[in-house]
>>> print(open('structure_15.cif').read())   # mmCIF, N, CA and C atoms
data_protein
#
loop_
_atom_site.label_atom_id
_atom_site.label_comp_id
_atom_site.auth_asym_id
_atom_site.auth_seq_id
_atom_site.Cartn_x
_atom_site.Cartn_y
_atom_site.Cartn_z
N MET A 1 0.83 -1.19 0.00
CA MET A 1 0.00 0.00 0.00
C MET A 1 0.87 1.25 0.00
N LYS A 2 0.55 2.19 -0.85
CA LYS A 2 1.34 3.41 -0.90
C LYS A 2 1.09 4.27 0.33
N ASN A 3 2.07 5.10 0.64
CA ASN A 3 1.89 5.99 1.78
C ASN A 3 0.79 7.00 1.47
N THR A 4 0.00 7.28 2.45
CA THR A 4 -1.09 8.23 2.28
C THR A 4 -1.25 9.03 3.57
N THR A 5 -1.79 10.22 3.45
CA THR A 5 -2.05 11.02 4.63
C THR A 5 -3.06 10.30 5.51
N ILE A 6 -2.77 10.29 6.80
CA ILE A 6 -3.64 9.65 7.79
C ILE A 6 -4.34 10.74 8.61
N THR A 7 -5.65 10.61 8.74
CA THR A 7 -6.42 11.49 9.61
C THR A 7 -6.80 10.68 10.84
N GLU A 8 -6.47 11.22 12.01
CA GLU A 8 -6.81 10.58 13.27
C GLU A 8 -7.86 11.44 13.96
N LEU A 9 -8.95 10.80 14.39
CA LEU A 9 -9.99 11.50 15.14
C LEU A 9 -9.95 11.01 16.57
N VAL A 10 -9.71 11.92 17.49
CA VAL A 10 -9.68 11.60 18.92
C VAL A 10 -10.87 12.29 19.57
N LYS A 11 -11.89 11.51 19.92
CA LYS A 11 -13.10 12.06 20.53
C LYS A 11 -13.06 11.83 22.03
N PHE A 12 -13.57 12.81 22.78
CA PHE A 12 -13.57 12.69 24.25
C PHE A 12 -14.55 13.67 24.86
N ARG A 13 -14.88 13.44 26.11
CA ARG A 13 -15.64 14.38 26.92
C ARG A 13 -14.68 15.03 27.91
N ALA A 14 -14.93 16.26 28.22
CA ALA A 14 -14.12 16.97 29.20
C ALA A 14 -14.64 16.70 30.61
N THR A 15 -13.74 16.81 31.58
CA THR A 15 -14.17 16.69 32.97
C THR A 15 -15.09 17.87 33.30
N GLU A 16 -15.84 17.73 34.37
CA GLU A 16 -16.77 18.79 34.77
C GLU A 16 -16.06 20.09 35.11
N THR A 17 -14.82 20.00 35.57
CA THR A 17 -14.09 21.20 35.98
C THR A 17 -13.30 21.84 34.84
N ALA A 18 -13.23 21.19 33.69
CA ALA A 18 -12.45 21.73 32.57
C ALA A 18 -13.24 22.81 31.84
N THR A 19 -12.63 23.95 31.69
CA THR A 19 -13.24 25.04 30.92
C THR A 19 -12.75 24.96 29.47
N THR A 20 -13.45 25.65 28.61
CA THR A 20 -13.03 25.72 27.20
C THR A 20 -11.62 26.29 27.11
N GLU A 21 -11.35 27.32 27.88
CA GLU A 21 -10.04 27.96 27.84
C GLU A 21 -8.93 27.00 28.26
N VAL A 22 -9.18 26.22 29.31
CA VAL A 22 -8.18 25.25 29.78
C VAL A 22 -7.93 24.20 28.72
N LEU A 23 -8.99 23.66 28.12
CA LEU A 23 -8.81 22.63 27.10
C LEU A 23 -8.06 23.17 25.89
N ILE A 24 -8.42 24.35 25.44
CA ILE A 24 -7.70 24.94 24.32
C ILE A 24 -6.22 25.11 24.66
N SER A 25 -5.94 25.56 25.87
CA SER A 25 -4.55 25.75 26.31
C SER A 25 -3.78 24.43 26.33
N LYS A 26 -4.39 23.39 26.89
CA LYS A 26 -3.71 22.09 27.01
C LYS A 26 -3.51 21.44 25.64
N VAL A 27 -4.51 21.53 24.77
CA VAL A 27 -4.36 20.98 23.43
C VAL A 27 -3.32 21.78 22.65
N SER A 28 -3.27 23.07 22.84
CA SER A 28 -2.27 23.91 22.18
C SER A 28 -0.86 23.50 22.59
N LEU A 29 -0.65 23.29 23.89
CA LEU A 29 0.66 22.85 24.37
C LEU A 29 1.03 21.48 23.79
N LEU A 30 0.07 20.58 23.75
CA LEU A 30 0.30 19.25 23.18
C LEU A 30 0.65 19.37 21.70
N ASN A 31 -0.07 20.19 20.97
CA ASN A 31 0.20 20.34 19.54
C ASN A 31 1.52 21.03 19.27
N ASN A 32 1.94 21.94 20.13
CA ASN A 32 3.26 22.54 19.98
C ASN A 32 4.36 21.49 20.11
N PHE A 33 4.15 20.51 21.00
CA PHE A 33 5.08 19.39 21.12
C PHE A 33 5.06 18.54 19.85
N LEU A 34 3.86 18.23 19.35
CA LEU A 34 3.72 17.39 18.16
C LEU A 34 4.32 18.04 16.92
N LYS A 35 4.24 19.37 16.83
CA LYS A 35 4.79 20.09 15.68
C LYS A 35 6.28 19.84 15.51
N MET A 36 6.96 19.50 16.58
CA MET A 36 8.41 19.26 16.51
C MET A 36 8.74 17.87 15.99
N LEU A 37 7.73 16.99 15.83
CA LEU A 37 7.96 15.61 15.46
C LEU A 37 7.76 15.40 13.96
N ASP A 38 8.63 14.60 13.37
CA ASP A 38 8.57 14.29 11.95
C ASP A 38 7.28 13.54 11.63
N GLY A 39 6.55 14.03 10.65
CA GLY A 39 5.33 13.36 10.21
C GLY A 39 4.05 14.05 10.61
N PHE A 40 4.11 14.97 11.57
CA PHE A 40 2.93 15.72 11.98
C PHE A 40 2.63 16.79 10.93
N ILE A 41 1.38 16.86 10.48
CA ILE A 41 1.01 17.88 9.49
C ILE A 41 0.28 19.03 10.18
N ASP A 42 -0.87 18.72 10.80
CA ASP A 42 -1.63 19.77 11.48
C ASP A 42 -2.69 19.14 12.37
N ALA A 43 -3.41 20.01 13.08
CA ALA A 43 -4.46 19.54 13.98
C ALA A 43 -5.49 20.64 14.17
N GLU A 44 -6.68 20.22 14.58
CA GLU A 44 -7.70 21.20 14.96
C GLU A 44 -8.53 20.60 16.09
N LEU A 45 -9.05 21.48 16.92
CA LEU A 45 -9.89 21.08 18.04
C LEU A 45 -11.30 21.58 17.75
N VAL A 46 -12.27 20.68 17.84
CA VAL A 46 -13.67 21.05 17.62
C VAL A 46 -14.51 20.56 18.79
N LYS A 47 -15.64 21.23 19.00
CA LYS A 47 -16.54 20.86 20.10
C LYS A 47 -17.95 20.77 19.56
N ASP A 48 -18.66 19.74 19.97
CA ASP A 48 -20.06 19.58 19.61
C ASP A 48 -20.83 20.82 20.09
N ILE A 49 -21.72 21.29 19.27
CA ILE A 49 -22.46 22.51 19.58
C ILE A 49 -23.35 22.36 20.80
N LYS A 50 -23.92 21.18 21.00
CA LYS A 50 -24.88 20.98 22.09
C LYS A 50 -24.33 20.21 23.28
N GLU A 51 -23.38 19.35 23.06
CA GLU A 51 -22.91 18.44 24.10
C GLU A 51 -21.49 18.77 24.56
N ASN A 52 -21.08 18.11 25.62
CA ASN A 52 -19.71 18.24 26.13
C ASN A 52 -18.82 17.20 25.44
N GLU A 53 -18.89 17.18 24.11
CA GLU A 53 -18.08 16.24 23.34
C GLU A 53 -17.12 17.02 22.45
N TRP A 54 -15.87 16.61 22.52
CA TRP A 54 -14.79 17.27 21.82
C TRP A 54 -14.15 16.30 20.85
N CYS A 55 -13.44 16.85 19.87
CA CYS A 55 -12.70 16.01 18.94
C CYS A 55 -11.45 16.77 18.49
N ILE A 56 -10.32 16.08 18.53
CA ILE A 56 -9.10 16.61 17.95
C ILE A 56 -8.91 15.87 16.62
N VAL A 57 -8.77 16.64 15.56
CA VAL A 57 -8.56 16.08 14.23
C VAL A 57 -7.09 16.29 13.89
N TYR A 58 -6.37 15.19 13.74
CA TYR A 58 -4.95 15.24 13.42
C TYR A 58 -4.72 14.76 11.99
N HIS A 59 -3.70 15.31 11.34
CA HIS A 59 -3.23 14.81 10.05
C HIS A 59 -1.74 14.47 10.16
N PHE A 60 -1.41 13.30 9.66
CA PHE A 60 -0.02 12.81 9.69
C PHE A 60 0.39 12.35 8.30
N ASP A 61 1.70 12.31 8.06
CA ASP A 61 2.23 11.92 6.75
C ASP A 61 1.84 10.51 6.34
N ASP A 62 1.96 9.57 7.25
CA ASP A 62 1.64 8.17 6.93
C ASP A 62 1.50 7.37 8.22
N MET A 63 1.12 6.12 8.09
CA MET A 63 0.82 5.28 9.26
C MET A 63 2.06 5.03 10.12
N ASP A 64 3.23 4.87 9.52
CA ASP A 64 4.45 4.68 10.30
C ASP A 64 4.71 5.88 11.20
N LYS A 65 4.46 7.08 10.69
CA LYS A 65 4.67 8.30 11.47
C LYS A 65 3.65 8.38 12.61
N VAL A 66 2.43 7.94 12.35
CA VAL A 66 1.38 7.94 13.39
C VAL A 66 1.86 7.11 14.58
N LYS A 67 2.38 5.93 14.31
CA LYS A 67 2.85 5.04 15.38
C LYS A 67 4.00 5.66 16.16
N SER A 68 4.97 6.21 15.45
CA SER A 68 6.13 6.82 16.09
C SER A 68 5.74 8.03 16.94
N ILE A 69 4.91 8.89 16.36
CA ILE A 69 4.47 10.10 17.07
C ILE A 69 3.64 9.73 18.29
N GLY A 70 2.76 8.73 18.15
CA GLY A 70 1.91 8.31 19.27
C GLY A 70 2.72 7.84 20.46
N GLU A 71 3.77 7.07 20.20
CA GLU A 71 4.63 6.59 21.29
C GLU A 71 5.29 7.75 22.02
N LYS A 72 5.81 8.71 21.26
CA LYS A 72 6.49 9.87 21.86
C LYS A 72 5.49 10.76 22.60
N MET A 73 4.31 10.94 22.01
CA MET A 73 3.30 11.81 22.63
C MET A 73 2.87 11.27 23.99
N ARG A 74 2.59 9.96 24.05
CA ARG A 74 2.10 9.37 25.31
C ARG A 74 3.12 9.48 26.44
N LYS A 75 4.40 9.64 26.13
CA LYS A 75 5.45 9.78 27.14
C LYS A 75 5.71 11.24 27.51
N SER A 76 5.07 12.17 26.82
CA SER A 76 5.36 13.59 27.02
C SER A 76 4.63 14.16 28.23
N ASN A 77 5.24 15.18 28.82
CA ASN A 77 4.60 15.92 29.92
C ASN A 77 3.33 16.62 29.44
N GLU A 78 3.35 17.09 28.19
CA GLU A 78 2.20 17.79 27.63
C GLU A 78 0.97 16.88 27.58
N PHE A 79 1.17 15.63 27.21
CA PHE A 79 0.07 14.67 27.17
C PHE A 79 -0.44 14.40 28.58
N GLY A 80 0.47 14.27 29.53
CA GLY A 80 0.09 14.06 30.92
C GLY A 80 -0.77 15.19 31.46
N GLU A 81 -0.44 16.41 31.07
CA GLU A 81 -1.24 17.56 31.50
C GLU A 81 -2.61 17.58 30.82
N PHE A 82 -2.65 17.22 29.55
CA PHE A 82 -3.91 17.22 28.80
C PHE A 82 -4.90 16.20 29.37
N ILE A 83 -4.45 14.98 29.65
CA ILE A 83 -5.38 13.92 30.05
C ILE A 83 -5.99 14.15 31.43
N LYS A 84 -5.45 15.07 32.20
CA LYS A 84 -6.05 15.42 33.49
C LYS A 84 -7.45 16.04 33.32
N PHE A 85 -7.74 16.54 32.11
CA PHE A 85 -8.98 17.28 31.88
C PHE A 85 -9.97 16.54 30.99
N ILE A 86 -9.74 15.24 30.77
CA ILE A 86 -10.68 14.47 29.98
C ILE A 86 -11.18 13.26 30.77
N VAL A 87 -12.35 12.79 30.40
CA VAL A 87 -12.95 11.60 31.04
C VAL A 87 -12.36 10.39 30.31
N PRO A 88 -11.51 9.60 31.01
CA PRO A 88 -10.78 8.51 30.32
C PRO A 88 -11.66 7.53 29.56
N GLU A 89 -12.77 7.12 30.15
CA GLU A 89 -13.62 6.12 29.48
C GLU A 89 -14.39 6.69 28.28
N SER A 90 -14.32 7.99 28.08
CA SER A 90 -15.03 8.60 26.96
C SER A 90 -14.18 8.66 25.69
N VAL A 91 -12.91 8.35 25.80
CA VAL A 91 -11.99 8.52 24.67
C VAL A 91 -12.20 7.44 23.61
N SER A 92 -12.29 7.88 22.36
CA SER A 92 -12.28 6.96 21.23
C SER A 92 -11.36 7.53 20.15
N VAL A 93 -10.61 6.63 19.53
CA VAL A 93 -9.65 7.02 18.51
C VAL A 93 -9.95 6.23 17.25
N SER A 94 -9.99 6.91 16.13
CA SER A 94 -10.14 6.21 14.85
C SER A 94 -9.16 6.80 13.84
N LEU A 95 -8.68 5.94 12.95
CA LEU A 95 -7.70 6.33 11.93
C LEU A 95 -8.32 6.15 10.56
N HIS A 96 -8.03 7.10 9.66
CA HIS A 96 -8.66 7.11 8.34
C HIS A 96 -7.62 7.45 7.27
N ASN A 97 -7.69 6.74 6.13
CA ASN A 97 -6.87 7.07 4.97
C ASN A 97 -7.54 8.21 4.20
N GLN A 98 -6.73 9.18 3.81
CA GLN A 98 -7.27 10.26 3.01
C GLN A 98 -7.46 9.78 1.57
N LEU A 99 -8.64 9.97 1.04
CA LEU A 99 -8.95 9.52 -0.32
C LEU A 99 -8.91 10.66 -1.33
N ALA A 100 -9.30 11.86 -0.89
CA ALA A 100 -9.29 13.03 -1.77
C ALA A 100 -9.17 14.27 -0.92
N GLU A 101 -8.75 15.33 -1.54
CA GLU A 101 -8.60 16.62 -0.84
C GLU A 101 -9.05 17.72 -1.79
N TRP A 102 -9.85 18.66 -1.28
CA TRP A 102 -10.31 19.77 -2.10
C TRP A 102 -9.89 21.08 -1.53
#
>>> encode(input="structure_15.cif", output="structure tokens")
Amino acid sequence: MKNTTITELVKFRATETATTEVLISKVSLLNNFLKMLDGFIDAELVKDIKENEWCIVYHFDDMDKVKSIGEKMRKSNEFGEFIKFIVPESVSVSLHNQLAEW
């Protein structure tokens, strides 16, 4: 299979004490760490309009980079700070191959 851009969707709920400002700050710090790693393209944070459901949309160069970046991210202080503000059992991660871009 040829290398293709990978989109990762990380969905989660925030803890009751997490404010929008805190989550944006923690995700920003995490993404600043990820920007330094080979294979990271970009990310965005979105929130459901009605619910306390959030999603980080990541783009990576290819699946090998996703694995390498994920290992480094989970060991980072930035990740440790971010997960303090999410409900662990609410987390779901899915990976997608990019088929087209407009």
>>> atom_distance(input="structure_15.cif", atom1="atom N of Tyr58 (chain A)", atom2="atom C of Glu16 (chain A)")
24.0 Å
>>> closest_atom_pairs(input="structure_15.cif", of="region 25-83 of chain A", to="region 3-14 of chain A", cutoff="8 Å", atoms="all atoms listed in the file", output="CSV")
residue,atom,partner,partner_atom,distance
A:Glu51,C,A:Arg13,CA,7.7
A:Asn52,C,A:Arg13,CA,4.5
A:Glu53,CA,A:Phe12,C,4.6
A:Trp54,N,A:Phe12,C,4.0
A:Cys55,CA,A:Val10,C,4.2
A:Ile56,N,A:Val10,C,4.0
A:Val57,CA,A:Glu8,C,4.7
A:Tyr58,C,A:Glu8,N,3.9
A:His59,CA,A:Ile6,C,4.5
A:Phe60,N,A:Ile6,C,4.0
A:Asp61,C,A:Thr5,CA,4.3
A:Asp62,CA,A:Thr4,C,4.5
A:Met63,N,A:Ile6,N,5.8
A:Asp64,N,A:Asn3,CA,7.9
A:Val66,CA,A:Ile6,CA,7.7
>>> select_by_dssp(input="structure_15.cif", residues="region 32-65 of chain A", states="helix (DSSP H, G or I)", output="list in words")
Asn32, Phe33, Leu34, Lys35, Met63, Asp64 and Lys65 of chain A
>>> atom_distance(input="structure_15.cif", atom1="atom N of Ser28 (chain A)", atom2="atom N of Ser94 (chain A)")
18.7 Å
>>> closest_residue(input="structure_15.cif", among="A:Glu21, A:Met73, A:Lys47, A:Lys67", to="Phe33 (chain A)", atoms="all atoms listed in the file")
A:Met73
>>> atom_distance(input="structure_15.cif", atom1="CA of Met36 (chain A)", atom2="atom C of Lys75 (chain A)")
13.9 Å
>>> residues_around(input="structure_15.cif", residues="Asn31 (chain A)", least_positions_apart="6", cutoff="8 Å", atoms="all atoms listed in the file", output="ChimeraX atom specification")
/A:25,42-43,78-79
>>> build_atoms(input="structure_15.cif", residues="region 79-96 of chain A", atoms="N, CA, C and O atoms", output="CSV table (one decimal), keeping the file's coordinate frame")
chain,number,residue,atom,x,y,z
A,79,PHE,N,1.2,15.6,27.2
A,79,PHE,CA,0.1,14.7,27.2
A,79,PHE,C,-0.4,14.4,28.6
A,79,PHE,O,-1.6,14.4,28.8
A,80,GLY,N,0.5,14.3,29.5
A,80,GLY,CA,0.1,14.1,30.9
A,80,GLY,C,-0.8,15.2,31.5
A,80,GLY,O,-1.7,15.0,32.2
A,81,GLU,N,-0.4,16.4,31.1
A,81,GLU,CA,-1.2,17.6,31.5
A,81,GLU,C,-2.6,17.6,30.8
A,81,GLU,O,-3.6,17.9,31.4
A,82,PHE,N,-2.6,17.2,29.6
A,82,PHE,CA,-3.9,17.2,28.8
A,82,PHE,C,-4.9,16.2,29.4
A,82,PHE,O,-6.1,16.5,29.6
A,83,ILE,N,-4.4,15.0,29.6
A,83,ILE,CA,-5.4,13.9,30.0
A,83,ILE,C,-6.0,14.2,31.4
A,83,ILE,O,-7.0,13.5,31.8
A,84,LYS,N,-5.4,15.1,32.2
A,84,LYS,CA,-6.0,15.4,33.5
A,84,LYS,C,-7.4,16.0,33.3
A,84,LYS,O,-8.2,16.1,34.3
A,85,PHE,N,-7.7,16.5,32.1
A,85,PHE,CA,-9.0,17.3,31.9
A,85,PHE,C,-10.0,16.5,31.0
A,85,PHE,O,-10.9,17.1,30.5
A,86,ILE,N,-9.7,15.2,30.8
A,86,ILE,CA,-10.7,14.5,30.0
A,86,ILE,C,-11.2,13.3,30.8
A,86,ILE,O,-10.5,12.8,31.7
A,87,VAL,N,-12.4,12.8,30.4
A,87,VAL,CA,-13.0,11.6,31.0
A,87,VAL,C,-12.4,10.4,30.3
A,87,VAL,O,-12.7,10.2,29.1
A,88,PRO,N,-11.5,9.6,31.0
A,88,PRO,CA,-10.8,8.5,30.3
A,88,PRO,C,-11.7,7.5,29.6
A,88,PRO,O,-11.3,7.2,28.4
A,89,GLU,N,-12.8,7.1,30.2
A,89,GLU,CA,-13.6,6.1,29.5
A,89,GLU,C,-14.4,6.7,28.3
A,89,GLU,O,-15.0,5.9,27.5
A,90,SER,N,-14.3,8.0,28.1
A,90,SER,CA,-15.0,8.6,27.0
A,90,SER,C,-14.2,8.7,25.7
A,90,SER,O,-14.7,9.0,24.6
A,91,VAL,N,-12.9,8.4,25.8
A,91,VAL,CA,-12.0,8.5,24.7
A,91,VAL,C,-12.2,7.4,23.6
A,91,VAL,O,-12.3,6.3,23.9
A,92,SER,N,-12.3,7.9,22.4
A,92,SER,CA,-12.3,7.0,21.2
A,92,SER,C,-11.4,7.5,20.2
A,92,SER,O,-11.3,8.7,19.9
A,93,VAL,N,-10.6,6.6,19.5
A,93,VAL,CA,-9.6,7.0,18.5
A,93,VAL,C,-10.0,6.2,17.2
A,93,VAL,O,-10.1,5.0,17.3
A,94,SER,N,-10.0,6.9,16.1
A,94,SER,CA,-10.1,6.2,14.8
A,94,SER,C,-9.2,6.8,13.8
A,94,SER,O,-8.8,8.0,13.9
A,95,LEU,N,-8.7,5.9,13.0
A,95,LEU,CA,-7.7,6.3,11.9
A,95,LEU,C,-8.3,6.2,10.6
A,95,LEU,O,-9.0,5.2,10.3
A,96,HIS,N,-8.0,7.1,9.7
A,96,HIS,CA,-8.7,7.1,8.3
A,96,HIS,C,-7.6,7.4,7.3
A,96,HIS,O,-6.8,8.3,7.5
